[in-house]
Amino acid sequence: MPVPTDGNMPDQMHDMSTGESASGGFFVDSVVRMSGNKLVILSLLVLALLIVSAIFAPWLAPYDPTEQVLADSLQGPGRKHLLGTDEMGRDILSRIIYGARISLSVGFVSQLIACSIGVLLGSLAGYYGGLADTVVSRAIEIFAAFPELLFAIGIMFVLGPGVINVFIALGLLSWTQYARLVRGQVMQLREMEYTQACIVCGGSNARIIVRHLLPNCMSTIIVLVTLGIPGAILTEASLSYIGLGVQPPTASWGQMISTAQQYISFYPYYSITPGVAIIITVLAFNIFGDGLRDALDPRLRD
Amino acid sequence: MKKIGSGAVSVILAAALLFGAVRSDAAEKQVLRYGAINMRSTLDMQFNTYPWVMDISDHVAEPLMMFDYTMKLIPVLVKSLPTPTDDGRVYRFELKPGIKFHDGTTLKASDVKFSFERMFIPENGAINSYIADMIVGAKDMLAGKATELAGFKIIDDLNFEITLENPYAPFLASIGTSYGTIYPEKACREAGKDWGLTTYFGTGPYKITKFDADNGFYVERFEDYHGTKPKLDAIDFIFVEDPNTRRMEYESGNLDVIQLDATLYPEYSKSRLSSEIGSYTPQGTIFVSPNLQDERLGNVKVREAISLAVDRKVLVSDLMNDTVSLATTFIPPSMLGFDGTVPAYERDVERAKQLMAEAGYGDGFEVDGYIRSEQMNGTPGRTLLAIQSQLREIGISINIVQVDAASWSDIRRSGKIPLYIGTWYTDFPDPDGFINSYLYSSNARTLSNNYNSPEFDKLLDDARSTSDSAKREDLYKKADRLASRVDFAVVPLFHENMFYLCKPYVKDLHKSPDNTFHFFDAYIER
Amino acid sequence: MASYILKRLSQTFIVLLGISLVTFILMNVVPGDPVLLMLEKRATPEAVERIRREMGLDKPKTTQYLNFVAGAARLDLGRSYFTKEPVMTALSRRFGVTLRLASSAYAIAMVVGISLGVASALQRGRVFDSLIRGGAVLGISAPVFWVAIILQMVFGLRLGLFPISGIRSPNSFVLPAIALGLRYVASISRVTRTSMLEVIGQDYIRTARAKGLAERVVILKHALKNALIPIITLAGTELGNLLAGSMLTEWVFSIPGIGKLMVDSILMRDLPMLQGTVLYVAVVFVVSNLVVDISYAFIDPRIRYARGD
């Protein structure tokens, strides 16, 4: 993870001239390059599978994830319940499948929110510089210096529990990374000859930012979103683990780990399944994101 | 060491020889290791209400009298329990002579007066002053209008007299709680804000020898204790906050005693640890608490429908695995005012639906059911989940809202919680500390229940100032029936049993219904 | 250089002020009142008002905040609402614990991460390399609290190799340090690998090899030494993250460190204690970044004159 340095993105941003070639051809090239990596293709398949099962959960899940059969509680894996039942007699497999909905939607939506805030503030700061830059830079530092989870807890307290609020909290949590990188890139692109030419020709500032500068940041942004999603999924799991995420009886993987922990010495598999579900999802996003980064924007490597 | 028979000593010595010198140290000293929770609180009982802190404080410092583990009030610092004068307002106490504090000073009536006055000095900010604010002059002190407690008269070093504003039958019970602990005046004054933080002692059987606010407290036997000397050499209160971690520590033999959540009882009762489970019955009730200010729940027909639709038998057998007993009223069975003649609640879903229709909610409604997040995995949370599923049958759909404890106390106080699973336990074994503190109109208002029945309040007012026990009992029975069977201000579900795990070599350990451990008689026999 | 550092320090001051203000506002917006929490079921209006006055909560918000800032300037962060203990005392005590945990985790992350990274670079393209790289991604993909729980169950309860919780014995920190260090093993091994690959390609390494030096000497003495700079840079930032991010690990293992204190304080709305812990984390974070930045400035003087500074 990049550090909140004082706007001096060490060396990695210097060579932005290649950004100009970010045409369709560049993206096609990248995809071709990526398809050479079997691991990336595999992760893409896993992600597709997860997304499909999240969308079609009602048809795929063998049971209603909230249906309680108290007399059948805490059964081991068996023919009737492939992954067993939980303490309220609910089918664990069905809850895992429905849980994918929460994790994936949290990942996507929160990063979209973060990205919107970050790109807006970052490009303003990078383009205008001066006071705008100072204010945004200090804001980035203040927000980045807050312990991540604590900040999420605080916002969840203010907003109250619920999945929509998790979106917002995680969005507010991770905008700084977007802002920092976009600011740096815009700042450099602004000094490019073609941008200066646009300014001299009297192009409006908004138009220059939207039409000329941001498209050149696109690959960076796409990579950041892909790599931000797994982080958001993990933070959601942490929030649900401490009881601040999605509300019961809705299934969430973090919450399942928290409940299952009580039974860990008797039914260890109950603790393991939601954990494995999280790992597979996050792993797939991480591998895919790495592959995407190598293909689109190798300079972002650590 | 002397307390153990010589037989035990030779067994221990033999064991020591077998297991080497390291083991012998542990075997010679009788140390009980208890898995406690760090409440991040001062030990000073005037400033906290946690049973977890009482567990420590009760063994170190004592009130004038206290409840034993059978909930009988016994004199501790006083020679006997005084009976009030005819009008029920004046109590005369006599202290036992020669009681020593851990710093070697002797207990005097002035220490008692100091301890009480300390509760009422507004700048101190004591939070449990309600236990004694019926003493004449207490309210003036709290309001800053007096600097001395007028109703407390020192006669000599050992004798003193307390006068109440009005007769209050459970007065001794009230000041016999841990909140009425007596502190040494001089040391307490010197410690100031650090009392209970870095310095804390009293007259109790154990004195604190290791103060570690982060990891736990170590208390050792006080050799000059005025009562029966305890058999244990020391108690190690070890902080392990996560309940799951605590159970692991117990299972791997690093703790001797821990609390066990009732929801886990079935698993443990089936395991090899089944013989190590101890149980006790706290005086309390689990119930649905509807908010009577809520438009829908304010309708008594809706509340009765809830009571009719809830399947208490399934809750008792399938949810709680028969570890609880069915509730028939709000007051629990072992308490004064419990009416054993009241029949069980009936279950009749058809009638419930009919009542819902009569109330104008034939199509049902949605309502928010609040729960504290730390209770979600415990009995209240699971009860709420079960009720949520049961009430769907009559069209009531509960949206569960999990909030943290601090938000909970704030939102509940503002009266904004429409419905929750109430868990109410008594402060002292008297209905005044139970039904009054929950349902009396001025209290119910702060608990998002909002029951406000002049008839009910009148019954409780009468009971409070009556000292005739039979008459009090009758009044409480009437009040309870009115609230829980006619007005359905609460919908009682069951009375909990609670559990703890205790290693087989720990003997004579008692858990009191007031939720505190009594380690006074305990000893270890390997 | 001095003016650069001075400038950064003054910015740091603004950031700290901002952080304390955000914390203060946040805590005044959230529902939950320490007084009600303290009084529990006996919160009569009179009692609430009395306690509030005693804690100074009856004063206007701006006064409360200014008092805090004035106190903080004198290094007096006030007393906890609940324990009444001075915040500074609690912080310094807890800091030692978190420091021990973080440095154990750090040691694991550095030793394991660098060795794996070097091994991976030397085995580039082979199965071993893929395994390590795969393992590294796996390491950052598992939820810390889940890893902690599983470690606790397997190595604490089942195998009985290490203490399950607390900090009573010297090897108490083993499991928490592994749980906490795991994700940093991943990032450090990645950077080491990349950096090593770059160095190995350089001329002087080829020369060293050509001179017939033992491969071990070439790798350790020449390659790794030169590959260390980016690793150390990353390590500097990770130390800050470790000191700030041990919250859930401390939670699961019942370790009384700063992270646990921070969670407890926000749960109990213990504002003075929360301010203290948040400022602590911010200082650690900002200072470690400052050190990294300044070392950059030493390494690469161009940065001092970078635009937008």
# chains A, B, ... in the order shown; residues from 1 in each chain; ligands from 1
>>> interface_residues(of="chain B", to="chain A", cutoff="6 Å", atoms="only C-alpha atoms", output="list in words")
Asn244, Asp318 and Ser373 of chain B
>>> write_last_selection(atoms="N, CA and C atoms", output="compact mmCIF listing (two decimals), in the first residue's frame")
# COMPACT_ATOMS: atom_id res chain seq x y z
N ASN B 244 -14.90 -16.91 24.17
CA ASN B 244 -14.41 -18.12 23.50
C ASN B 244 -13.00 -18.46 23.93
N ASP B 318 -36.57 -26.32 22.46
CA ASP B 318 -35.67 -26.38 21.31
C ASP B 318 -34.61 -25.28 21.31
N SER B 373 -25.19 -5.51 20.42
CA SER B 373 -24.40 -6.44 19.59
C SER B 373 -23.74 -7.54 20.40
>>> select_by_dssp(residues="region 20-211 of chain C", states="alpha helix (DSSP H)", output="number ranges by chain")
C: 20-29, 34-39, 45-54, 61-73, 87-122, 127-141, 144-151, 174-200, 203-210
>>> interface_residues(of="chain C", to="chain B", cutoff="8 Å", atoms="only C-alpha atoms", output="compact mmCIF listing (two decimals) with N, CA and C atoms, in the first residue's frame")
# COMPACT_ATOMS: atom_id res chain seq x y z
N VAL C 30 -22.05 10.66 17.46
CA VAL C 30 -22.55 9.30 17.65
C VAL C 30 -23.54 9.24 18.81
N PRO C 31 -24.54 8.38 18.67
CA PRO C 31 -25.42 8.15 19.82
C PRO C 31 -24.60 7.45 20.90
N GLY C 32 -25.04 7.56 22.12
CA GLY C 32 -24.30 6.92 23.19
C GLY C 32 -23.70 7.97 24.07
N ASP C 33 -23.92 7.83 25.35
CA ASP C 33 -23.51 8.82 26.31
C ASP C 33 -22.81 8.08 27.44
N PRO C 34 -21.54 8.45 27.71
CA PRO C 34 -20.81 7.72 28.75
C PRO C 34 -21.54 7.75 30.09
N LEU C 36 -24.82 7.78 30.69
CA LEU C 36 -25.90 6.80 30.73
C LEU C 36 -25.34 5.40 30.85
N LEU C 37 -24.24 5.17 30.15
CA LEU C 37 -23.62 3.84 30.18
C LEU C 37 -23.15 3.53 31.60
N MET C 38 -22.65 4.56 32.25
CA MET C 38 -22.12 4.40 33.60
C MET C 38 -23.24 4.16 34.60
N LEU C 39 -24.31 4.93 34.46
CA LEU C 39 -25.40 4.83 35.43
C LEU C 39 -26.28 3.61 35.18
N GLU C 40 -26.20 3.08 33.95
CA GLU C 40 -27.03 1.95 33.58
C GLU C 40 -28.49 2.18 33.93
N LYS C 41 -29.10 1.25 34.68
CA LYS C 41 -30.53 1.35 34.86
C LYS C 41 -30.96 2.41 35.88
N ARG C 42 -29.98 3.04 36.54
CA ARG C 42 -30.36 4.02 37.55
C ARG C 42 -30.15 5.45 37.07
N ALA C 43 -30.35 5.67 35.78
CA ALA C 43 -30.07 6.99 35.22
C ALA C 43 -31.25 7.94 35.42
N ALA C 47 -29.40 12.36 38.62
CA ALA C 47 -28.11 11.68 38.66
C ALA C 47 -27.32 11.98 37.38
N ARG C 50 -25.89 15.43 37.51
CA ARG C 50 -24.83 15.54 38.52
C ARG C 50 -23.52 14.96 37.97
N ILE C 51 -23.59 13.76 37.38
CA ILE C 51 -22.39 13.11 36.87
C ILE C 51 -21.82 13.92 35.70
N GLU C 54 -19.89 16.70 36.96
CA GLU C 54 -18.64 16.23 37.56
C GLU C 54 -17.59 15.94 36.49
N PHE C 82 -14.18 6.58 32.82
CA PHE C 82 -14.61 5.40 33.56
C PHE C 82 -13.64 4.99 34.65
N THR C 83 -12.37 4.77 34.29
CA THR C 83 -11.44 4.32 35.31
C THR C 83 -10.92 5.48 36.14
N LYS C 84 -11.10 6.69 35.64
CA LYS C 84 -10.58 7.91 36.28
C LYS C 84 -9.07 7.96 36.25
N GLU C 85 -8.47 7.05 35.50
CA GLU C 85 -7.02 6.99 35.43
C GLU C 85 -6.51 8.04 34.44
N MET C 153 -6.88 -22.10 18.17
CA MET C 153 -7.48 -23.42 18.36
C MET C 153 -6.45 -24.52 18.12
N LEU C 157 -5.01 -24.64 21.83
CA LEU C 157 -5.86 -25.60 22.51
C LEU C 157 -5.51 -27.05 22.16
N GLY C 160 -1.45 -27.47 22.30
CA GLY C 160 -0.91 -26.97 23.56
C GLY C 160 0.51 -26.44 23.47
N ILE C 164 -2.68 -19.51 24.96
CA ILE C 164 -3.86 -19.17 24.16
C ILE C 164 -4.13 -17.67 24.17
N SER C 165 -3.92 -17.06 25.34
CA SER C 165 -4.22 -15.63 25.43
C SER C 165 -3.37 -14.97 26.49
N GLY C 166 -3.54 -13.66 26.61
CA GLY C 166 -2.86 -12.92 27.66
C GLY C 166 -1.39 -12.70 27.35
N ILE C 167 -0.69 -12.10 28.33
CA ILE C 167 0.74 -11.80 28.12
C ILE C 167 1.53 -12.27 29.32
N TRP C 251 -7.67 -8.04 20.31
CA TRP C 251 -9.03 -8.41 20.72
C TRP C 251 -9.13 -9.92 20.93
N VAL C 252 -8.75 -10.68 19.90
CA VAL C 252 -8.91 -12.14 19.97
C VAL C 252 -8.03 -12.75 21.05
N PHE C 253 -6.78 -12.25 21.17
CA PHE C 253 -5.86 -12.86 22.12
C PHE C 253 -5.91 -12.22 23.51
N SER C 254 -6.87 -11.35 23.76
CA SER C 254 -6.97 -10.66 25.05
C SER C 254 -5.64 -10.03 25.46
N PRO C 256 -3.69 -6.70 26.39
CA PRO C 256 -4.02 -5.33 26.78
C PRO C 256 -3.09 -4.31 26.15
N LEU C 267 -16.13 1.99 22.29
CA LEU C 267 -17.34 1.28 22.72
C LEU C 267 -17.94 1.94 23.95
N MET C 268 -17.08 2.46 24.83
CA MET C 268 -17.59 3.05 26.06
C MET C 268 -17.76 4.56 25.96
N ARG C 269 -17.47 5.12 24.78
CA ARG C 269 -17.54 6.57 24.56
C ARG C 269 -16.67 7.31 25.56
>>> residues_around(residues="Lys313 (chain B)", least_positions_apart="4", cutoff="10 Å", atoms="only C-alpha atoms", output="count of residues only")
10
>>> residues_around(residues="Ile229 (chain C)", least_positions_apart="4", cutoff="10 Å", atoms="only C-alpha atoms", output="VMD selection string")
chain C and resid 192 195 224 to 225 233 to 235 299
>>> closest_residue(among="A:Arg95, A:Arg190, A:Arg183, A:Arg138", to="chain C", atoms="only C-alpha atoms")
A:Arg138
>>> atom_distance(atom1="CA of Val185 (chain C)", atom2="CA of Ile278 (chain A)")
19.7 Å
>>> residues_around(residues="region 83-94 of chain B", least_positions_apart="2", cutoff="12 Å", atoms="only C-alpha atoms", output="PyMOL selection string")
chain B and resi 64-65+75-81+96-97+107-109+112-113+134-136+151-172+464-468
>>> residues_around(residues="Leu264 (chain B)", least_positions_apart="3", cutoff="9 Å", atoms="only C-alpha atoms", output="list in words")
Gln262 and Tyr263 of chain A; Leu260, Asp261, Glu267, Tyr268, Ser269 and Gly378 of chain B
>>> atom_distance(atom1="CA of Asp521 (chain B)", atom2="CA of Asp508 (chain B)")
5.8 Å
>>> atom_distance(atom1="CA of Leu173 (chain A)", atom2="CA of Gly107 (chain A)")
12.5 Å
>>> residues_around(residues="Gln185 (chain A)", least_positions_apart="2", cutoff="8 Å", atoms="only C-alpha atoms", output="list in words")
Met13, Met16, Gly126, Leu181, Val182, Arg183, Met187, Gln188, Leu189 and Cys217 of chain A
>>> write_last_selection(atoms="N, CA and C atoms", output="PDB file, in the first residue's frame")
ATOM      1  N   MET A  13       5.786   7.576 -10.696  1.00  0.00           N
ATOM      2  CA  MET A  13       4.833   8.282 -11.525  1.00  0.00           C
ATOM      3  C   MET A  13       5.489   9.070 -12.661  1.00  0.00           C
ATOM      4  N   MET A  16       4.874   9.296 -17.175  1.00  0.00           N
ATOM      5  CA  MET A  16       3.460   9.188 -17.528  1.00  0.00           C
ATOM      6  C   MET A  16       3.182   9.370 -19.018  1.00  0.00           C
ATOM      7  N   GLY A 126      -4.864  18.267  -7.889  1.00  0.00           N
ATOM      8  CA  GLY A 126      -3.747  18.143  -8.815  1.00  0.00           C
ATOM      9  C   GLY A 126      -3.791  19.199  -9.906  1.00  0.00           C
ATOM     10  N   LEU A 181      -3.310   9.156  -5.649  1.00  0.00           N
ATOM     11  CA  LEU A 181      -2.729   8.767  -6.935  1.00  0.00           C
ATOM     12  C   LEU A 181      -3.208   9.666  -8.073  1.00  0.00           C
ATOM     13  N   VAL A 182      -4.500   9.975  -8.081  1.00  0.00           N
ATOM     14  CA  VAL A 182      -5.027  10.815  -9.155  1.00  0.00           C
ATOM     15  C   VAL A 182      -4.409  12.208  -9.084  1.00  0.00           C
ATOM     16  N   ARG A 183      -4.264  12.696  -7.857  1.00  0.00           N
ATOM     17  CA  ARG A 183      -3.637  14.003  -7.683  1.00  0.00           C
ATOM     18  C   ARG A 183      -2.248  14.010  -8.303  1.00  0.00           C
ATOM     19  N   MET A 187      -1.278  16.109 -11.652  1.00  0.00           N
ATOM     20  CA  MET A 187      -0.266  17.142 -11.488  1.00  0.00           C
ATOM     21  C   MET A 187       0.810  17.038 -12.569  1.00  0.00           C
ATOM     22  N   GLN A 188       1.185  15.783 -12.850  1.00  0.00           N
ATOM     23  CA  GLN A 188       2.224  15.618 -13.864  1.00  0.00           C
ATOM     24  C   GLN A 188       1.688  15.830 -15.276  1.00  0.00           C
ATOM     25  N   LEU A 189       0.475  15.311 -15.500  1.00  0.00           N
ATOM     26  CA  LEU A 189      -0.108  15.452 -16.837  1.00  0.00           C
ATOM     27  C   LEU A 189      -0.344  16.922 -17.178  1.00  0.00           C
ATOM     28  N   CYS A 217      -5.705   8.643 -16.605  1.00  0.00           N
ATOM     29  CA  CYS A 217      -5.554   8.023 -15.279  1.00  0.00           C
ATOM     30  C   CYS A 217      -6.365   6.736 -15.197  1.00  0.00           C
TER      31      CYS A 217
END
